[in-house]
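Printed here is structure31.pdb (PDB, C-alpha atoms):
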```
ATOM      1  CA  MET A1206     280.031  20.610  29.905
ATOM      2  CA  THR A1207     276.471  21.512  30.799
ATOM      3  CA  ASP A1208     273.906  19.080  32.074
ATOM      4  CA  CYS A1209     271.042  18.461  29.730
ATOM      5  CA  ILE A1210     267.566  17.797  31.031
ATOM      6  CA  ILE A1211     265.684  15.379  28.843
ATOM      7  CA  HIS A1212     261.935  15.805  28.777
ATOM      8  CA  SER A1213     260.377  12.352  28.765
ATOM      9  CA  ALA A1214     256.676  13.149  29.137
ATOM     10  CA  PRO A1215     254.600  11.542  26.426
ATOM     11  CA  GLU A1216     253.141  13.677  23.688
ATOM     12  CA  PRO A1217     249.435  14.397  24.080
ATOM     13  CA  VAL A1218     247.287  11.835  22.294
ATOM     14  CA  PHE A1219     244.694  14.429  21.295
ATOM     15  CA  ALA A1220     245.508  17.790  19.746
ATOM     16  CA  GLU A1221     242.447  19.511  21.219
ATOM     17  CA  PRO A1222     240.310  18.892  24.314
ATOM     18  CA  TRP A1223     237.179  18.422  22.207
ATOM     19  CA  HIS A1224     238.896  15.596  20.303
ATOM     20  CA  ALA A1225     239.322  13.702  23.570
ATOM     21  CA  GLN A1226     235.781  14.537  24.658
ATOM     22  CA  VAL A1227     234.058  13.283  21.508
ATOM     23  CA  PHE A1228     236.220  10.165  21.600
ATOM     24  CA  ALA A1229     235.350   9.549  25.266
ATOM     25  CA  VAL A1230     231.620  10.057  24.672
ATOM     26  CA  THR A1231     231.724   7.571  21.795
ATOM     27  CA  VAL A1232     233.595   4.962  23.848
ATOM     28  CA  ALA A1233     231.228   5.454  26.797
ATOM     29  CA  LEU A1234     228.158   4.980  24.585
ATOM     30  CA  ASN A1235     229.688   1.802  23.198
ATOM     31  CA  GLU A1236     230.522   0.505  26.668
ATOM     32  CA  VAL A1237     226.928   0.935  27.867
ATOM     33  CA  GLY A1238     225.658  -0.958  24.822
ATOM     34  CA  ARG A1239     224.219   1.880  22.716
ATOM     35  CA  PHE A1240     225.954   0.436  19.641
ATOM     36  CA  ALA A1241     228.409  -2.297  18.684
ATOM     37  CA  TRP A1242     231.962  -1.234  17.877
ATOM     38  CA  PRO A1243     232.007  -3.088  14.523
ATOM     39  CA  ASP A1244     228.944  -1.032  13.495
ATOM     40  CA  TRP A1245     230.779   2.122  14.570
ATOM     41  CA  ALA A1246     233.841   1.130  12.549
ATOM     42  CA  VAL A1247     231.767   0.619   9.391
ATOM     43  CA  ARG A1248     229.963   3.930   9.855
ATOM     44  CA  PHE A1249     233.184   5.828  10.552
ATOM     45  CA  SER A1250     234.864   4.238   7.555
ATOM     46  CA  ASP A1251     231.927   5.320   5.372
ATOM     47  CA  THR A1252     232.205   8.884   6.690
ATOM     48  CA  LEU A1253     235.932   8.968   5.952
ATOM     49  CA  LYS A1254     235.297   7.651   2.442
ATOM     50  CA  ARG A1255     232.695  10.387   1.857
ATOM     51  CA  HIS A1256     235.281  12.964   2.903
ATOM     52  CA  GLY A1257     237.897  11.401   0.648
ATOM     53  CA  LEU A1258     240.664   9.065   1.705
ATOM     54  CA  ASN A1259     243.028  10.428  -0.921
ATOM     55  CA  ARG A1260     244.463  12.845   1.602
ATOM     56  CA  ASP A1261     246.158  12.195   4.908
ATOM     57  CA  LEU A1262     244.065  12.424   8.039
ATOM     58  CA  ASP A1263     246.459  13.002  10.897
ATOM     59  CA  GLY A1264     244.134  12.858  13.876
ATOM     60  CA  GLY A1265     243.531  16.584  13.733
ATOM     61  CA  ASP A1266     240.338  18.550  13.307
ATOM     62  CA  ASP A1267     239.369  16.944   9.983
ATOM     63  CA  TYR A1268     239.545  13.467  11.495
ATOM     64  CA  PHE A1269     237.564  14.403  14.588
ATOM     65  CA  HIS A1270     234.991  16.385  12.612
ATOM     66  CA  ALA A1271     234.395  13.140  10.687
ATOM     67  CA  TRP A1272     234.253  11.291  14.020
ATOM     68  CA  LEU A1273     231.669  13.760  15.379
ATOM     69  CA  GLU A1274     229.647  13.595  12.159
ATOM     70  CA  THR A1275     229.548   9.805  12.464
ATOM     71  CA  LEU A1276     228.418  10.002  16.088
ATOM     72  CA  GLU A1277     225.707  12.551  15.275
ATOM     73  CA  ASP A1278     224.459  10.401  12.372
ATOM     74  CA  LEU A1279     224.421   7.292  14.547
ATOM     75  CA  LEU A1280     222.455   9.021  17.312
ATOM     76  CA  ALA A1281     220.046  10.483  14.756
ATOM     77  CA  ASP A1282     219.481   7.045  13.212
ATOM     78  CA  GLN A1283     218.727   5.697  16.693
ATOM     79  CA  GLY A1284     216.258   8.517  17.329
ATOM     80  CA  GLU A1285     218.408   9.848  20.182
ATOM     81  CA  ALA A1286     219.465  13.185  18.698
ATOM     82  CA  ALA A1287     217.449  14.636  15.845
ATOM     83  CA  PRO A1288     219.570  16.789  13.500
ATOM     84  CA  GLU A1289     217.380  19.842  14.140
ATOM     85  CA  ASP A1290     217.922  19.428  17.904
ATOM     86  CA  VAL A1291     221.687  19.172  17.404
ATOM     87  CA  THR A1292     221.647  22.295  15.220
ATOM     88  CA  ARG A1293     219.565  24.194  17.786
ATOM     89  CA  LEU A1294     221.957  23.192  20.585
ATOM     90  CA  GLN A1295     225.022  24.129  18.519
ATOM     91  CA  SER A1296     223.498  27.555  17.861
ATOM     92  CA  ALA A1297     222.719  28.037  21.551
ATOM     93  CA  TRP A1298     226.319  27.198  22.529
ATOM     94  CA  GLU A1299     227.722  29.453  19.809
ATOM     95  CA  ASN A1300     225.560  32.339  20.961
ATOM     96  CA  ALA A1301     226.522  31.699  24.579
ATOM     97  CA  TYR A1302     230.269  31.718  23.986
ATOM     98  CA  LEU A1303     230.083  34.753  21.711
ATOM     99  CA  THR A1304     228.151  36.765  24.301
ATOM    100  CA  THR A1305     229.850  35.582  27.500
ATOM    101  CA  PRO A1306     232.359  38.055  28.945
ATOM    102  CA  HIS A1307     235.959  36.871  28.876
ATOM    103  CA  GLY A1308     236.858  34.784  31.885
ATOM    104  CA  GLN A1309     233.276  33.943  32.770
ATOM    105  CA  PRO A1310     231.808  30.436  32.508
ATOM    106  CA  VAL A1311     229.879  29.795  29.324
ATOM    107  CA  ARG A1312     226.310  28.668  30.015
ATOM    108  CA  ILE A1313     223.324  28.133  27.808
ATOM    109  CA  SER A1314     219.777  28.810  28.878
ATOM    110  CA  PRO A1315     217.531  25.795  29.299
ATOM    111  CA  THR A1316     215.069  25.539  26.428
TER     112      THR A1316
END
```
Any chance you could put this one into structure tokens?
Amino acid sequence: MTDCIIHSAPEPVFAEPWHAQVFAVTVALNEVGRFAWPDWAVRFSDTLKRHGLNRDLDGGDDYFHAWLETLEDLLADQGEAAPEDVTRLQSAWENAYLTTPHGQPVRISPT
């Protein structure tokens, strides 16, 4: 008879690091009073409805893309992050990671 090692570590809660990061940013903004959680829940529910609740959302990319969209919309409505600024920053990060040599830190230039 061979001994069997049972792995008891919990499964990761988030499938991707960015899922955890966008969740943490949202919770932190709520905790410092930038918005009330019930307002967040209504907004997120509306986003999910727009994307269609007739399919399963399993906490993967589709769910967290909806989460990020809700956060971006909330910050835009508050005047904290204009959509054109978000788009400009996304483009800067995309350009930076596409042009950064493998193994080097990805940095964007200050604008």
All residues 6 Å or closer to stretch 1301-1303 of chain A, all atoms listed in the file, same chain fewer than 3 positions away omitted, as number ranges by chain
A: 1298, 1311, 1313
The selected residues should be written to file as a JSON list (two decimals), in the coordinates of the input (atoms: C-alpha atoms).
```
[["chain", "number", "residue", "atom", "x", "y", "z"],
["A", 1298, "TRP", "CA", 226.32, 27.20, 22.53],
["A", 1311, "VAL", "CA", 229.88, 29.80, 29.32],
["A", 1313, "ILE", "CA", 223.32, 28.13, 27.81]]
```
Using the file's own x, y and z axes, what box holds all listed atoms of stretch 1310-1314 of chain A with 4 Å on each side, keeping edges along x, y and z, and what are its centre and edge lengths in Å to one decimal, as AutoDock Vina command-line options?
```
--center_x 225.8 --center_y 29.3 --center_z 30.2 --size_x 20.0 --size_y 10.3 --size_z 12.7
```
For A:Ala1246, which residue among A:Leu1276, A:Ala1220, A:Ala1233, A:Val1227 is the nearest when counting all atoms listed in the file?
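Of A:Leu1276, A:Ala1220, A:Ala1233, A:Val1227, the one nearest A:Ala1246 is A:Leu1276, counting all atoms listed in the file.
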Give me, please, the distance in Å between atom CA of A:Phe1240 and atom CA of A:Tyr1268, quoted to one decimal.
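Interatomic distance, atom CA of A:Phe1240 to atom CA of A:Tyr1268: 20.5 Å.
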Set the distance at 12 Å and use all atoms listed in the file: which residues neighbour A:Asn1235 once local chain neighbours fewer than 4 positions away are removed? I'd like the list as an mmCIF file with C-alpha atoms, in the coordinates of the input.
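Produced file selection_18.cif, reproduced below:
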```cif
data_model
loop_
_atom_site.group_PDB
_atom_site.id
_atom_site.type_symbol
_atom_site.label_atom_id
_atom_site.label_comp_id
_atom_site.auth_asym_id
_atom_site.auth_seq_id
_atom_site.Cartn_x
_atom_site.Cartn_y
_atom_site.Cartn_z
ATOM 1 C CA PHE A 1228 236.220 10.165 21.600
ATOM 2 C CA ALA A 1229 235.350 9.549 25.266
ATOM 3 C CA VAL A 1230 231.620 10.057 24.672
ATOM 4 C CA THR A 1231 231.724 7.571 21.795
ATOM 5 C CA ARG A 1239 224.219 1.880 22.716
ATOM 6 C CA PHE A 1240 225.954 0.436 19.641
ATOM 7 C CA ALA A 1241 228.409 -2.297 18.684
ATOM 8 C CA TRP A 1242 231.962 -1.234 17.877
ATOM 9 C CA PRO A 1243 232.007 -3.088 14.523
ATOM 10 C CA ASP A 1244 228.944 -1.032 13.495
ATOM 11 C CA TRP A 1245 230.779 2.122 14.570
ATOM 12 C CA ALA A 1246 233.841 1.130 12.549
ATOM 13 C CA LEU A 1276 228.418 10.002 16.088
ATOM 14 C CA LEU A 1279 224.421 7.292 14.547
ATOM 15 C CA LEU A 1280 222.455 9.021 17.312
#
```
Which of these, A:Leu1294, A:Leu1234, A:Gln1226, A:Ala1271, has the shortest distance to A:Thr1252 once you count all atoms listed in the file?
A:Ala1271
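Straight-line separation from atom CA of A:Thr1305 to atom CA of A:Phe1219: 26.6 Å.
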Could you please determine the separation between atom CA of A:His1224 and atom CA of A:Arg1312 in Å, to one decimal place?
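Computed distance, atom CA of A:His1224 to atom CA of A:Arg1312, equals 20.6 Å.
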Can you pull out every residue within 12 Å of A:Arg1255, counting only C-alpha atoms, but drop anything in the same chain fewer than 5 positions away, and send it as a tab-separated table (two decimals) with C-alpha atoms, keeping the file's coordinate frame?
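See part.tsv below for the written result:
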```tsv
chain	number	residue	atom	x	y	z
A	1248	ARG	CA	229.96	3.93	9.86
A	1249	PHE	CA	233.18	5.83	10.55
A	1250	SER	CA	234.86	4.24	7.56
A	1271	ALA	CA	234.40	13.14	10.69
A	1274	GLU	CA	229.65	13.60	12.16
A	1275	THR	CA	229.55	9.80	12.46
```
Completed stretch 1272-1299 of chain A (N, CA and C atoms) as a PDB file, in the frame of the given file:
```pdb
ATOM      1  N   TRP A1272     234.658  12.114  12.877  1.00  0.00           N
ATOM      2  CA  TRP A1272     234.253  11.291  14.020  1.00  0.00           C
ATOM      3  C   TRP A1272     232.933  11.817  14.610  1.00  0.00           C
ATOM      4  N   LEU A1273     232.874  13.133  14.825  1.00  0.00           N
ATOM      5  CA  LEU A1273     231.669  13.760  15.379  1.00  0.00           C
ATOM      6  C   LEU A1273     230.483  13.601  14.429  1.00  0.00           C
ATOM      7  N   GLU A1274     230.715  13.781  13.148  1.00  0.00           N
ATOM      8  CA  GLU A1274     229.647  13.595  12.159  1.00  0.00           C
ATOM      9  C   GLU A1274     229.093  12.168  12.233  1.00  0.00           C
ATOM     10  N   THR A1275     229.976  11.200  12.358  1.00  0.00           N
ATOM     11  CA  THR A1275     229.548   9.805  12.464  1.00  0.00           C
ATOM     12  C   THR A1275     228.718   9.594  13.719  1.00  0.00           C
ATOM     13  N   LEU A1276     229.156  10.150  14.838  1.00  0.00           N
ATOM     14  CA  LEU A1276     228.418  10.002  16.088  1.00  0.00           C
ATOM     15  C   LEU A1276     227.047  10.669  15.989  1.00  0.00           C
ATOM     16  N   GLU A1277     226.989  11.863  15.434  1.00  0.00           N
ATOM     17  CA  GLU A1277     225.707  12.551  15.275  1.00  0.00           C
ATOM     18  C   GLU A1277     224.762  11.752  14.383  1.00  0.00           C
ATOM     19  N   ASP A1278     225.285  11.208  13.276  1.00  0.00           N
ATOM     20  CA  ASP A1278     224.459  10.401  12.372  1.00  0.00           C
ATOM     21  C   ASP A1278     223.949   9.142  13.060  1.00  0.00           C
ATOM     22  N   LEU A1279     224.815   8.497  13.826  1.00  0.00           N
ATOM     23  CA  LEU A1279     224.421   7.292  14.547  1.00  0.00           C
ATOM     24  C   LEU A1279     223.308   7.597  15.539  1.00  0.00           C
ATOM     25  N   LEU A1280     223.472   8.652  16.318  1.00  0.00           N
ATOM     26  CA  LEU A1280     222.455   9.021  17.312  1.00  0.00           C
ATOM     27  C   LEU A1280     221.160   9.452  16.648  1.00  0.00           C
ATOM     28  N   ALA A1281     221.253  10.099  15.498  1.00  0.00           N
ATOM     29  CA  ALA A1281     220.046  10.483  14.756  1.00  0.00           C
ATOM     30  C   ALA A1281     219.326   9.232  14.250  1.00  0.00           C
ATOM     31  N   ASP A1282     220.079   8.287  13.707  1.00  0.00           N
ATOM     32  CA  ASP A1282     219.481   7.045  13.212  1.00  0.00           C
ATOM     33  C   ASP A1282     218.796   6.269  14.334  1.00  0.00           C
ATOM     34  N   GLN A1283     219.314   6.386  15.548  1.00  0.00           N
ATOM     35  CA  GLN A1283     218.727   5.697  16.693  1.00  0.00           C
ATOM     36  C   GLN A1283     217.571   6.487  17.314  1.00  0.00           C
ATOM     37  N   GLY A1284     217.321   7.679  16.781  1.00  0.00           N
ATOM     38  CA  GLY A1284     216.258   8.517  17.329  1.00  0.00           C
ATOM     39  C   GLY A1284     216.633   9.207  18.624  1.00  0.00           C
ATOM     40  N   GLU A1285     217.926   9.259  18.929  1.00  0.00           N
ATOM     41  CA  GLU A1285     218.408   9.848  20.182  1.00  0.00           C
ATOM     42  C   GLU A1285     218.726  11.327  20.069  1.00  0.00           C
ATOM     43  N   ALA A1286     219.076  11.783  18.877  1.00  0.00           N
ATOM     44  CA  ALA A1286     219.465  13.185  18.698  1.00  0.00           C
ATOM     45  C   ALA A1286     219.082  13.610  17.282  1.00  0.00           C
ATOM     46  N   ALA A1287     217.908  14.181  17.154  1.00  0.00           N
ATOM     47  CA  ALA A1287     217.449  14.636  15.845  1.00  0.00           C
ATOM     48  C   ALA A1287     218.355  15.760  15.339  1.00  0.00           C
ATOM     49  N   PRO A1288     218.669  15.754  14.042  1.00  0.00           N
ATOM     50  CA  PRO A1288     219.570  16.789  13.500  1.00  0.00           C
ATOM     51  C   PRO A1288     219.139  18.207  13.839  1.00  0.00           C
ATOM     52  N   GLU A1289     217.828  18.476  13.824  1.00  0.00           N
ATOM     53  CA  GLU A1289     217.380  19.842  14.140  1.00  0.00           C
ATOM     54  C   GLU A1289     217.646  20.183  15.604  1.00  0.00           C
ATOM     55  N   ASP A1290     217.597  19.186  16.498  1.00  0.00           N
ATOM     56  CA  ASP A1290     217.922  19.428  17.904  1.00  0.00           C
ATOM     57  C   ASP A1290     219.412  19.711  18.080  1.00  0.00           C
ATOM     58  N   VAL A1291     220.231  18.961  17.344  1.00  0.00           N
ATOM     59  CA  VAL A1291     221.687  19.172  17.404  1.00  0.00           C
ATOM     60  C   VAL A1291     222.016  20.571  16.891  1.00  0.00           C
ATOM     61  N   THR A1292     221.408  20.964  15.783  1.00  0.00           N
ATOM     62  CA  THR A1292     221.647  22.295  15.220  1.00  0.00           C
ATOM     63  C   THR A1292     221.219  23.389  16.190  1.00  0.00           C
ATOM     64  N   ARG A1293     220.061  23.208  16.816  1.00  0.00           N
ATOM     65  CA  ARG A1293     219.565  24.194  17.786  1.00  0.00           C
ATOM     66  C   ARG A1293     220.527  24.319  18.971  1.00  0.00           C
ATOM     67  N   LEU A1294     221.025  23.179  19.462  1.00  0.00           N
ATOM     68  CA  LEU A1294     221.957  23.192  20.585  1.00  0.00           C
ATOM     69  C   LEU A1294     223.294  23.821  20.197  1.00  0.00           C
ATOM     70  N   GLN A1295     223.780  23.510  18.997  1.00  0.00           N
ATOM     71  CA  GLN A1295     225.022  24.129  18.519  1.00  0.00           C
ATOM     72  C   GLN A1295     224.881  25.646  18.455  1.00  0.00           C
ATOM     73  N   SER A1296     223.737  26.112  17.952  1.00  0.00           N
ATOM     74  CA  SER A1296     223.498  27.555  17.861  1.00  0.00           C
ATOM     75  C   SER A1296     223.434  28.194  19.242  1.00  0.00           C
ATOM     76  N   ALA A1297     222.807  27.510  20.186  1.00  0.00           N
ATOM     77  CA  ALA A1297     222.719  28.037  21.551  1.00  0.00           C
ATOM     78  C   ALA A1297     224.105  28.159  22.172  1.00  0.00           C
ATOM     79  N   TRP A1298     224.955  27.132  21.986  1.00  0.00           N
ATOM     80  CA  TRP A1298     226.319  27.198  22.529  1.00  0.00           C
ATOM     81  C   TRP A1298     227.131  28.297  21.848  1.00  0.00           C
ATOM     82  N   GLU A1299     226.987  28.405  20.525  1.00  0.00           N
ATOM     83  CA  GLU A1299     227.722  29.453  19.809  1.00  0.00           C
ATOM     84  C   GLU A1299     227.318  30.832  20.309  1.00  0.00           C
TER      85      GLU A1299
END
```
